[in-house]
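Asks: What follows is the file run09.pdb, containing PDB, C-alpha atoms and all ligand atoms:
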MODEL        1
ATOM      1  CA  MET A   1     125.512-178.008  50.719  1.00  0.00           C
ATOM      2  CA  CYS A   2     124.902-175.445  48.029  1.00  0.00           C
ATOM      3  CA  VAL A   3     121.849-175.110  45.797  1.00  0.00           C
ATOM      4  CA  ALA A   4     123.545-176.742  42.799  1.00  0.00           C
ATOM      5  CA  GLU A   5     124.590-179.760  44.852  1.00  0.00           C
ATOM      6  CA  ASN A   6     121.139-180.162  46.360  1.00  0.00           C
ATOM      7  CA  ILE A   7     119.544-180.165  42.912  1.00  0.00           C
ATOM      8  CA  GLU A   8     122.089-182.658  41.614  1.00  0.00           C
ATOM      9  CA  LYS A   9     121.469-184.980  44.554  1.00  0.00           C
ATOM     10  CA  ILE A  10     117.681-184.933  44.115  1.00  0.00           C
ATOM     11  CA  LYS A  11     117.935-185.415  40.358  1.00  0.00           C
ATOM     12  CA  GLN A  12     120.014-188.525  40.931  1.00  0.00           C
ATOM     13  CA  GLU A  13     117.392-189.892  43.313  1.00  0.00           C
ATOM     14  CA  ILE A  14     114.485-189.324  40.967  1.00  0.00           C
ATOM     15  CA  GLY A  15     115.897-190.653  37.719  1.00  0.00           C
ATOM     16  CA  GLU A  16     114.357-190.263  34.272  1.00  0.00           C
ATOM     17  CA  GLY A  17     110.733-189.470  33.587  1.00  0.00           C
ATOM     18  CA  VAL A  18     110.121-187.473  36.767  1.00  0.00           C
ATOM     19  CA  LYS A  19     110.423-183.699  36.664  1.00  0.00           C
ATOM     20  CA  LEU A  20     111.655-181.516  39.486  1.00  0.00           C
ATOM     21  CA  VAL A  21     109.881-178.221  40.111  1.00  0.00           C
ATOM     22  CA  ALA A  22     112.189-176.081  42.264  1.00  0.00           C
ATOM     23  CA  VAL A  23     109.885-174.117  44.559  1.00  0.00           C
ATOM     24  CA  THR A  24     111.342-170.631  44.955  1.00  0.00           C
ATOM     25  CA  LYS A  25     108.701-168.971  47.165  1.00  0.00           C
ATOM     26  CA  ILE A  26     110.140-166.532  49.698  1.00  0.00           C
ATOM     27  CA  GLN A  27     113.668-167.377  48.521  1.00  0.00           C
ATOM     28  CA  PRO A  28     115.888-164.493  47.412  1.00  0.00           C
ATOM     29  CA  LEU A  29     116.610-164.033  43.728  1.00  0.00           C
ATOM     30  CA  ASP A  30     120.321-164.854  44.086  1.00  0.00           C
ATOM     31  CA  LYS A  31     119.491-168.386  45.248  1.00  0.00           C
ATOM     32  CA  VAL A  32     117.141-168.840  42.320  1.00  0.00           C
ATOM     33  CA  LYS A  33     119.877-167.573  40.007  1.00  0.00           C
ATOM     34  CA  ALA A  34     122.274-170.142  41.475  1.00  0.00           C
ATOM     35  CA  ALA A  35     119.815-172.886  40.547  1.00  0.00           C
ATOM     36  CA  TYR A  36     119.439-171.453  37.058  1.00  0.00           C
ATOM     37  CA  GLN A  37     123.195-171.244  36.605  1.00  0.00           C
ATOM     38  CA  ALA A  38     123.436-174.884  37.637  1.00  0.00           C
ATOM     39  CA  GLY A  39     121.225-175.620  34.625  1.00  0.00           C
ATOM     40  CA  HIS A  40     117.838-175.918  36.320  1.00  0.00           C
ATOM     41  CA  LYS A  41     114.955-174.520  34.249  1.00  0.00           C
ATOM     42  CA  ILE A  42     111.700-175.429  36.031  1.00  0.00           C
ATOM     43  CA  PHE A  43     110.564-173.241  38.913  1.00  0.00           C
ATOM     44  CA  GLY A  44     107.371-173.009  40.946  1.00  0.00           C
ATOM     45  CA  GLU A  45     105.774-170.218  42.968  1.00  0.00           C
ATOM     46  CA  ASN A  46     102.624-170.154  45.061  1.00  0.00           C
ATOM     47  CA  LYS A  47     101.839-166.426  44.845  1.00  0.00           C
ATOM     48  CA  VAL A  48     101.124-164.428  41.712  1.00  0.00           C
ATOM     49  CA  GLN A  49     103.047-161.335  42.752  1.00  0.00           C
ATOM     50  CA  GLU A  50     106.223-163.248  43.522  1.00  0.00           C
ATOM     51  CA  LEU A  51     105.828-165.293  40.397  1.00  0.00           C
ATOM     52  CA  THR A  52     105.656-162.248  38.124  1.00  0.00           C
ATOM     53  CA  GLN A  53     108.512-160.496  39.942  1.00  0.00           C
ATOM     54  CA  LYS A  54     110.837-163.468  39.715  1.00  0.00           C
ATOM     55  CA  GLN A  55     109.874-164.123  36.107  1.00  0.00           C
ATOM     56  CA  ALA A  56     110.753-160.531  35.212  1.00  0.00           C
ATOM     57  CA  GLY A  57     114.136-160.762  36.953  1.00  0.00           C
ATOM     58  CA  LEU A  58     115.338-163.963  35.321  1.00  0.00           C
ATOM     59  CA  PRO A  59     116.087-165.228  31.791  1.00  0.00           C
ATOM     60  CA  ASN A  60     113.080-166.225  29.719  1.00  0.00           C
ATOM     61  CA  ASP A  61     113.972-169.822  28.935  1.00  0.00           C
ATOM     62  CA  ILE A  62     112.542-170.829  32.330  1.00  0.00           C
ATOM     63  CA  GLU A  63     109.342-172.844  32.780  1.00  0.00           C
ATOM     64  CA  TRP A  64     107.320-171.114  35.502  1.00  0.00           C
ATOM     65  CA  HIS A  65     104.721-173.199  37.327  1.00  0.00           C
ATOM     66  CA  MET A  66     101.925-171.747  39.452  1.00  0.00           C
ATOM     67  CA  ILE A  67     101.518-174.190  42.341  1.00  0.00           C
ATOM     68  CA  GLY A  68      99.475-172.237  44.897  1.00  0.00           C
ATOM     69  CA  HIS A  69      95.886-171.169  45.393  1.00  0.00           C
ATOM     70  CA  LEU A  70      94.987-168.834  42.541  1.00  0.00           C
ATOM     71  CA  GLN A  71      92.472-165.989  42.624  1.00  0.00           C
ATOM     72  CA  THR A  72      90.595-165.425  39.390  1.00  0.00           C
ATOM     73  CA  ASN A  73      91.327-161.691  39.323  1.00  0.00           C
ATOM     74  CA  LYS A  74      95.083-162.420  39.245  1.00  0.00           C
ATOM     75  CA  VAL A  75      95.131-164.931  36.406  1.00  0.00           C
ATOM     76  CA  LYS A  76      95.708-162.141  33.881  1.00  0.00           C
ATOM     77  CA  TYR A  77      99.177-161.401  35.295  1.00  0.00           C
ATOM     78  CA  ILE A  78     100.524-164.893  34.707  1.00  0.00           C
ATOM     79  CA  ALA A  79      98.597-165.842  31.557  1.00  0.00           C
ATOM     80  CA  PRO A  80     101.261-164.445  29.179  1.00  0.00           C
ATOM     81  CA  PHE A  81     103.994-166.800  30.340  1.00  0.00           C
ATOM     82  CA  VAL A  82     102.956-169.482  32.850  1.00  0.00           C
ATOM     83  CA  SER A  83     103.908-173.031  31.727  1.00  0.00           C
ATOM     84  CA  LEU A  84     101.691-175.070  34.018  1.00  0.00           C
ATOM     85  CA  VAL A  85      98.965-174.215  36.547  1.00  0.00           C
ATOM     86  CA  HIS A  86      98.923-176.962  39.204  1.00  0.00           C
ATOM     87  CA  SER A  87      96.057-175.575  41.239  1.00  0.00           C
ATOM     88  CA  ILE A  88      92.789-175.685  39.291  1.00  0.00           C
ATOM     89  CA  ASP A  89      90.267-176.294  42.089  1.00  0.00           C
ATOM     90  CA  ARG A  90      87.039-174.860  40.698  1.00  0.00           C
ATOM     91  CA  MET A  91      85.197-174.317  37.430  1.00  0.00           C
ATOM     92  CA  LYS A  92      85.275-170.542  37.666  1.00  0.00           C
ATOM     93  CA  LEU A  93      89.081-170.605  37.793  1.00  0.00           C
ATOM     94  CA  LEU A  94      89.371-172.894  34.775  1.00  0.00           C
ATOM     95  CA  ARG A  95      87.006-170.620  32.862  1.00  0.00           C
ATOM     96  CA  THR A  96      89.135-167.589  33.722  1.00  0.00           C
ATOM     97  CA  VAL A  97      92.407-169.280  32.741  1.00  0.00           C
ATOM     98  CA  ASN A  98      90.806-170.217  29.424  1.00  0.00           C
ATOM     99  CA  LYS A  99      89.642-166.654  28.836  1.00  0.00           C
ATOM    100  CA  GLU A 100      92.988-165.045  29.696  1.00  0.00           C
ATOM    101  CA  ALA A 101      94.948-167.619  27.673  1.00  0.00           C
ATOM    102  CA  ARG A 102      92.797-166.807  24.655  1.00  0.00           C
ATOM    103  CA  LYS A 103      93.802-163.142  24.859  1.00  0.00           C
ATOM    104  CA  HIS A 104      97.415-164.228  24.407  1.00  0.00           C
ATOM    105  CA  LYS A 105      96.598-166.857  21.776  1.00  0.00           C
ATOM    106  CA  ARG A 106      97.961-169.516  24.104  1.00  0.00           C
ATOM    107  CA  VAL A 107      96.877-172.930  25.333  1.00  0.00           C
ATOM    108  CA  ILE A 108      97.768-173.141  29.037  1.00  0.00           C
ATOM    109  CA  PRO A 109      98.399-176.624  30.457  1.00  0.00           C
ATOM    110  CA  CYS A 110      96.599-177.184  33.777  1.00  0.00           C
ATOM    111  CA  LEU A 111      96.352-179.777  36.539  1.00  0.00           C
ATOM    112  CA  LEU A 112      93.238-180.436  38.583  1.00  0.00           C
ATOM    113  CA  GLN A 113      93.998-180.106  42.279  1.00  0.00           C
ATOM    114  CA  PHE A 114      92.369-182.689  44.541  1.00  0.00           C
ATOM    115  CA  HIS A 115      91.705-182.628  48.226  1.00  0.00           C
ATOM    116  CA  ILE A 116      93.507-185.736  49.489  1.00  0.00           C
ATOM    117  CA  ALA A 117      94.660-184.698  52.965  1.00  0.00           C
ATOM    118  CA  GLU A 118      92.535-185.129  56.037  1.00  0.00           C
ATOM    119  CA  GLU A 119      93.490-181.605  57.111  1.00  0.00           C
ATOM    120  CA  GLU A 120      90.702-179.083  56.678  1.00  0.00           C
ATOM    121  CA  THR A 121      92.828-176.313  55.257  1.00  0.00           C
ATOM    122  CA  LYS A 122      93.975-177.791  51.958  1.00  0.00           C
ATOM    123  CA  PHE A 123      92.240-176.671  48.795  1.00  0.00           C
ATOM    124  CA  GLY A 124      91.059-179.047  46.143  1.00  0.00           C
ATOM    125  CA  LEU A 125      88.289-180.806  44.286  1.00  0.00           C
ATOM    126  CA  SER A 126      86.540-184.071  45.002  1.00  0.00           C
ATOM    127  CA  LEU A 127      86.242-186.675  42.252  1.00  0.00           C
ATOM    128  CA  GLU A 128      82.531-185.856  41.883  1.00  0.00           C
ATOM    129  CA  GLU A 129      83.215-182.150  41.435  1.00  0.00           C
ATOM    130  CA  ALA A 130      85.873-182.881  38.827  1.00  0.00           C
ATOM    131  CA  ALA A 131      83.558-185.198  36.909  1.00  0.00           C
ATOM    132  CA  GLU A 132      80.874-182.541  36.905  1.00  0.00           C
ATOM    133  CA  MET A 133      83.348-180.022  35.483  1.00  0.00           C
ATOM    134  CA  LEU A 134      84.610-182.374  32.800  1.00  0.00           C
ATOM    135  CA  LEU A 135      81.108-183.303  31.690  1.00  0.00           C
ATOM    136  CA  SER A 136      79.959-179.713  31.363  1.00  0.00           C
ATOM    137  CA  LYS A 137      79.393-178.177  27.965  1.00  0.00           C
ATOM    138  CA  ASP A 138      81.316-175.169  29.175  1.00  0.00           C
ATOM    139  CA  TYR A 139      84.461-177.255  29.651  1.00  0.00           C
ATOM    140  CA  GLN A 140      84.069-179.081  26.391  1.00  0.00           C
ATOM    141  CA  GLU A 141      84.043-175.783  24.526  1.00  0.00           C
ATOM    142  CA  MET A 142      87.248-174.458  26.102  1.00  0.00           C
ATOM    143  CA  GLU A 143      90.021-174.209  23.527  1.00  0.00           C
ATOM    144  CA  ASN A 144      92.730-172.406  25.456  1.00  0.00           C
ATOM    145  CA  ILE A 145      93.364-174.751  28.366  1.00  0.00           C
ATOM    146  CA  ARG A 146      94.542-178.326  28.357  1.00  0.00           C
ATOM    147  CA  ILE A 147      94.211-180.570  31.385  1.00  0.00           C
ATOM    148  CA  VAL A 148      97.334-182.732  31.613  1.00  0.00           C
ATOM    149  CA  GLY A 149      97.007-184.377  35.024  1.00  0.00           C
ATOM    150  CA  VAL A 150      96.300-183.986  38.725  1.00  0.00           C
ATOM    151  CA  MET A 151      97.927-182.449  41.793  1.00  0.00           C
ATOM    152  CA  GLY A 152      97.550-183.005  45.515  1.00  0.00           C
ATOM    153  CA  MET A 153      99.130-182.281  48.854  1.00  0.00           C
ATOM    154  CA  ALA A 154      99.344-184.896  51.574  1.00  0.00           C
ATOM    155  CA  THR A 155      98.817-184.189  55.253  1.00  0.00           C
ATOM    156  CA  PHE A 156     101.881-182.628  56.848  1.00  0.00           C
ATOM    157  CA  THR A 157     102.848-185.478  59.162  1.00  0.00           C
ATOM    158  CA  GLY A 158     105.636-187.898  59.947  1.00  0.00           C
ATOM    159  CA  ASP A 159     103.161-190.764  59.592  1.00  0.00           C
ATOM    160  CA  GLU A 160     104.485-192.292  56.379  1.00  0.00           C
ATOM    161  CA  GLU A 161     101.643-194.768  55.945  1.00  0.00           C
ATOM    162  CA  LYS A 162      99.071-192.008  56.102  1.00  0.00           C
ATOM    163  CA  VAL A 163     100.964-189.986  53.491  1.00  0.00           C
ATOM    164  CA  ARG A 164     101.234-193.087  51.320  1.00  0.00           C
ATOM    165  CA  ARG A 165      97.485-193.707  51.533  1.00  0.00           C
ATOM    166  CA  GLU A 166      96.790-190.129  50.471  1.00  0.00           C
ATOM    167  CA  PHE A 167      99.151-190.306  47.487  1.00  0.00           C
ATOM    168  CA  ARG A 168      97.617-193.642  46.492  1.00  0.00           C
ATOM    169  CA  HIS A 169      94.226-192.043  46.646  1.00  0.00           C
ATOM    170  CA  LEU A 170      95.424-189.327  44.258  1.00  0.00           C
ATOM    171  CA  ARG A 171      96.777-191.945  41.887  1.00  0.00           C
ATOM    172  CA  GLU A 172      93.421-193.738  41.938  1.00  0.00           C
ATOM    173  CA  ILE A 173      91.696-190.476  41.097  1.00  0.00           C
ATOM    174  CA  TYR A 174      94.161-189.997  38.252  1.00  0.00           C
ATOM    175  CA  ASN A 175      93.463-193.522  36.944  1.00  0.00           C
ATOM    176  CA  LYS A 176      89.702-193.037  37.071  1.00  0.00           C
ATOM    177  CA  LEU A 177      89.850-189.729  35.232  1.00  0.00           C
ATOM    178  CA  LYS A 178      92.238-191.172  32.672  1.00  0.00           C
ATOM    179  CA  GLU A 179      89.883-194.042  31.952  1.00  0.00           C
ATOM    180  CA  ARG A 180      86.701-192.034  31.889  1.00  0.00           C
ATOM    181  CA  PHE A 181      87.726-188.722  30.307  1.00  0.00           C
ATOM    182  CA  PHE A 182      91.274-188.802  28.942  1.00  0.00           C
ATOM    183  CA  SER A 183      91.848-192.269  27.502  1.00  0.00           C
ATOM    184  CA  GLU A 184      92.515-190.733  24.071  1.00  0.00           C
ATOM    185  CA  GLN A 185      94.736-187.973  25.391  1.00  0.00           C
ATOM    186  CA  ASP A 186      98.385-189.108  25.681  1.00  0.00           C
ATOM    187  CA  ASP A 187      99.533-185.975  27.430  1.00  0.00           C
ATOM    188  CA  PHE A 188      97.185-186.518  30.374  1.00  0.00           C
ATOM    189  CA  ARG A 189     100.049-188.092  32.297  1.00  0.00           C
ATOM    190  CA  GLU A 190     101.090-185.885  35.207  1.00  0.00           C
ATOM    191  CA  LEU A 191     100.800-186.684  38.885  1.00  0.00           C
ATOM    192  CA  SER A 192     102.088-183.662  40.796  1.00  0.00           C
ATOM    193  CA  MET A 193     102.786-184.904  44.309  1.00  0.00           C
ATOM    194  CA  GLY A 194     105.697-184.838  46.717  1.00  0.00           C
ATOM    195  CA  MET A 195     107.447-182.045  48.627  1.00  0.00           C
ATOM    196  CA  THR A 196     110.605-181.926  50.768  1.00  0.00           C
ATOM    197  CA  ASN A 197     109.173-184.061  53.548  1.00  0.00           C
ATOM    198  CA  ASP A 198     107.342-186.669  51.546  1.00  0.00           C
ATOM    199  CA  TYR A 199     108.878-186.918  48.085  1.00  0.00           C
ATOM    200  CA  PRO A 200     110.473-190.370  48.550  1.00  0.00           C
ATOM    201  CA  VAL A 201     107.002-191.790  49.250  1.00  0.00           C
ATOM    202  CA  ALA A 202     105.501-189.789  46.367  1.00  0.00           C
ATOM    203  CA  LEU A 203     108.095-191.273  44.002  1.00  0.00           C
ATOM    204  CA  GLU A 204     107.226-194.784  45.123  1.00  0.00           C
ATOM    205  CA  GLU A 205     103.560-194.016  44.493  1.00  0.00           C
ATOM    206  CA  GLY A 206     104.130-192.841  40.930  1.00  0.00           C
ATOM    207  CA  SER A 207     104.740-189.088  41.057  1.00  0.00           C
ATOM    208  CA  THR A 208     105.825-187.460  37.783  1.00  0.00           C
ATOM    209  CA  LEU A 209     106.283-183.923  39.134  1.00  0.00           C
ATOM    210  CA  LEU A 210     107.944-183.192  42.457  1.00  0.00           C
ATOM    211  CA  ARG A 211     107.516-179.726  43.959  1.00  0.00           C
ATOM    212  CA  ILE A 212     110.519-179.189  46.218  1.00  0.00           C
ATOM    213  CA  GLY A 213     111.637-176.015  47.972  1.00  0.00           C
ATOM    214  CA  THR A 214     113.360-176.496  51.334  1.00  0.00           C
ATOM    215  CA  ALA A 215     115.544-179.444  50.294  1.00  0.00           C
ATOM    216  CA  ILE A 216     116.978-177.314  47.479  1.00  0.00           C
ATOM    217  CA  PHE A 217     117.146-173.783  48.874  1.00  0.00           C
ATOM    218  CA  GLY A 218     117.143-174.343  52.635  1.00  0.00           C
ATOM    219  CA  GLU A 219     114.593-173.105  55.159  1.00  0.00           C
ATOM    220  CA  ARG A 220     112.490-170.167  54.040  1.00  0.00           C
ATOM    221  CA  ASN A 221     113.342-167.038  56.004  1.00  0.00           C
ATOM    222  CA  THR A 222     109.890-165.561  56.488  1.00  0.00           C
ATOM    223  CA  GLN A 223     111.286-162.852  58.785  1.00  0.00           C
ATOM    224  CA  SER A 224     113.039-161.006  55.975  1.00  0.00           C
ATOM    225  CA  MET A 225     109.899-160.726  53.833  1.00  0.00           C
TER     226      MET A 225
HETATM  227  C1  LIG B 301     105.854-174.509  49.397  1.00  0.00           C
HETATM  228  C2  LIG B 301     105.230-175.519  48.539  1.00  0.00           C
HETATM  229  C3  LIG B 301     105.934-176.675  48.148  1.00  0.00           C
HETATM  230  C4  LIG B 301     107.366-176.972  48.564  1.00  0.00           C
HETATM  231  O1  LIG B 301     107.495-177.144  49.926  1.00  0.00           O
HETATM  232  P1  LIG B 301     108.839-177.685  50.607  1.00  0.00           P
HETATM  233  O2  LIG B 301     108.359-178.379  51.818  1.00  0.00           O
HETATM  234  O3  LIG B 301     109.670-176.487  50.904  1.00  0.00           O
HETATM  235  O4  LIG B 301     109.507-178.591  49.652  1.00  0.00           O
HETATM  236  C5  LIG B 301     105.285-177.569  47.330  1.00  0.00           C
HETATM  237  N1  LIG B 301     104.015-177.371  46.911  1.00  0.00           N
HETATM  238  C6  LIG B 301     103.309-176.290  47.271  1.00  0.00           C
HETATM  239  C7  LIG B 301     101.915-176.137  46.770  1.00  0.00           C
HETATM  240  C8  LIG B 301     103.889-175.329  48.098  1.00  0.00           C
HETATM  241  O5  LIG B 301     103.163-174.254  48.437  1.00  0.00           O
ENDMDL
END
Mind turning this structure into C-alpha cells?
Ligand SMILES: *Cc1c(COP(=O)(O)O)cnc(C)c1O
Replies:
Amino acid sequence: MCVAENIEKIKQEIGEGVKLVAVTKIQPLDKVKAAYQAGHKIFGENKVQELTQKQAGLPNDIEWHMIGHLQTNKVKYIAPFVSLVHSIDRMKLLRTVNKEARKHKRVIPCLLQFHIAEEETKFGLSLEEAAEMLLSKDYQEMENIRIVGVMGMATFTGDEEKVRREFRHLREIYNKLKERFFSEQDDFRELSMGMTNDYPVALEEGSTLLRIGTAIFGERNTQSM
C-alpha cells in the first residue's frame, strides 16, 4: 500500500476528534511529500536537526510536532515554528521553551511527558514532579508556553493488557492534573498516546493524538542514514 492509502485507512479507523501525527523520522523527504500531497498536514519528528531540515524542505502550512527527547540548547532552532512539543520532561526544559518562544513573540503549546512504561529507558515525569512544577512560582509566571495535555509511551511489548494498564495510568494522570490544575482551561484536552504497534489500544483508552510512523511510511531504513 502507498503512503496516501495508509493514511486514509488509519483516518477511517480513528474517526473524528482524534488527530494523527505522521511520524517522519528517518523517512526520506519524497515519502513525506507524498503524505502532504495526500492532504496530510500534521507531522512529528524526534530529532531537532531532522525536524528543521524537513520543515525547511516542505510547504509552511504544516504543523510540526516535536515528539522526542529535547535538549535545552536545541530549543532555539525549533522555537520559531514548532506547533506542539510533546516531550516536556523537566522544569529546565519548560523554562527554556518559554524563553525561546518569547523571543519570537509566540506561545508554544506543550505536553507534559510522563513515565508510564516499566522499561528503564523511557523519559518522563512522575505525577509528583509534575505537581511540583505546576505549583512553582516560576511556572505560574511563564507567559509563552501553554500546557495542553500529557504524553506517554507504553512498554514495547505484545502484551496488550500491560499496554492497556500503562495507557490507563496516563489517562488517570491526565484526569488528576485536569482536576487539580487545569479545570478552568478548556484546551487542556490532549492525551498523546499510541504508536504503530499499540494505537488500537490507545484509542480505546481515550487517546486524542496518535503518533504513527511505520504504519504510514513503512519500516525505517536506518542503514541509509
Ligand atoms: C518513532 C516514534 C513514534 C512512531 O513510532 P512507530 O512505531 O513507527 O509508529 C511515536 N512516538 C515517538 C516518541 C517516536 O519516537
Asks: Quick check, in Å to one decimal: how far apart do CA of Glu118 (chain A) and CA of Gly44 (chain A) lie?
Replies: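 Computed distance, CA of Glu118 (chain A) to CA of Gly44 (chain A), equals 24.4 Å.
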Asks: What is the CA of Leu111 (chain A)-CA of Val150 (chain A) distance in Å, reported with one decimal?
Replies: 4.7 Å
Asks: Let me have the centre and edge lengths of the axis-aligned box enclosing all listed atoms of region 184-203 of chain A with 8 Å padding on every side, in Å to one decimal, as lines of an AutoDock Vina configuration file.
Replies:
center_x = 101.6
center_y = -186.9
center_z = 38.8
size_x = 34.1
size_y = 25.9
size_z = 45.5
Asks: Identify which of the residues A:Gly206, A:Gln55, A:His69, A:Ile7 lies closest to Gly39 (chain A), counting all atoms listed in the file when measuring atom-to-atom distances.
Replies: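 The closest residue to Gly39 (chain A) is A:Ile7.
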Asks: Quick one: everything within 10 Å of Gly68 (chain A), counting all atoms listed in the file, minus sequence neighbours fewer than 4 positions away in the same chain. Send it as a list of chain:residue names.
Replies: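 Returned residues: A:Gly44, A:Glu45, A:Asn46, A:Lys47, A:Val48, A:Val85, A:His86, A:Ser87, A:Ile88, A:Gln113, A:Phe123.
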Asks: Collect all residues with atoms no farther than 7 Å from ligand LIG 301 (chain B), counting only C-alpha atoms and all ligand atoms, and output them as a ChimeraX atom specification.
Replies: /A:23,25,46,67-68,195-197,211-215
Asks: Could you write out the selected residues, including C-alpha atoms, as a PDB file, in the frame of the given file?
Replies:
ATOM      1  CA  VAL A  23     109.885-174.117  44.559  1.00  0.00           C
ATOM      2  CA  LYS A  25     108.701-168.971  47.165  1.00  0.00           C
ATOM      3  CA  ASN A  46     102.624-170.154  45.061  1.00  0.00           C
ATOM      4  CA  ILE A  67     101.518-174.190  42.341  1.00  0.00           C
ATOM      5  CA  GLY A  68      99.475-172.237  44.897  1.00  0.00           C
ATOM      6  CA  MET A 195     107.447-182.045  48.627  1.00  0.00           C
ATOM      7  CA  THR A 196     110.605-181.926  50.768  1.00  0.00           C
ATOM      8  CA  ASN A 197     109.173-184.061  53.548  1.00  0.00           C
ATOM      9  CA  ARG A 211     107.516-179.726  43.959  1.00  0.00           C
ATOM     10  CA  ILE A 212     110.519-179.189  46.218  1.00  0.00           C
ATOM     11  CA  GLY A 213     111.637-176.015  47.972  1.00  0.00           C
ATOM     12  CA  THR A 214     113.360-176.496  51.334  1.00  0.00           C
ATOM     13  CA  ALA A 215     115.544-179.444  50.294  1.00  0.00           C
TER      14      ALA A 215
END
Asks: Go through A:Lys9, A:Arg90, A:Lys176, A:Arg171 and flag the residue nearest Leu125 (chain A), using only C-alpha atoms for the distances.
Replies: A:Arg90
Asks: Quick one: of A:Ser126, A:Ala117, A:Lys99, A:Leu84, who's nearest to Val148 (chain A), counting all atoms listed in the file?
Replies: A:Leu84
Asks: Can you translate the PyMOL selection byres (((chain A and resi 28-31) around 9) and not hetatm) into the concrete residues it hits in this file, as a PyMOL selection string?
Replies: chain A and resi 3+24-27+32-36+54+57-58+217
Asks: Limited to C-alpha atoms, could you put the picked residues into a file as a PDB file, in the frame of the given file?
Replies:
ATOM      1  CA  VAL A   3     121.849-175.110  45.797  1.00  0.00           C
ATOM      2  CA  THR A  24     111.342-170.631  44.955  1.00  0.00           C
ATOM      3  CA  LYS A  25     108.701-168.971  47.165  1.00  0.00           C
ATOM      4  CA  ILE A  26     110.140-166.532  49.698  1.00  0.00           C
ATOM      5  CA  GLN A  27     113.668-167.377  48.521  1.00  0.00           C
ATOM      6  CA  VAL A  32     117.141-168.840  42.320  1.00  0.00           C
ATOM      7  CA  LYS A  33     119.877-167.573  40.007  1.00  0.00           C
ATOM      8  CA  ALA A  34     122.274-170.142  41.475  1.00  0.00           C
ATOM      9  CA  ALA A  35     119.815-172.886  40.547  1.00  0.00           C
ATOM     10  CA  TYR A  36     119.439-171.453  37.058  1.00  0.00           C
ATOM     11  CA  LYS A  54     110.837-163.468  39.715  1.00  0.00           C
ATOM     12  CA  GLY A  57     114.136-160.762  36.953  1.00  0.00           C
ATOM     13  CA  LEU A  58     115.338-163.963  35.321  1.00  0.00           C
ATOM     14  CA  PHE A 217     117.146-173.783  48.874  1.00  0.00           C
TER      15      PHE A 217
END
Asks: So the first atom is CA of Met151 (chain A) and the second is CA of Thr96 (chain A); what is the distance between them in Å, to one decimal place?
Replies: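 These two atoms are separated by 19.1 Å.
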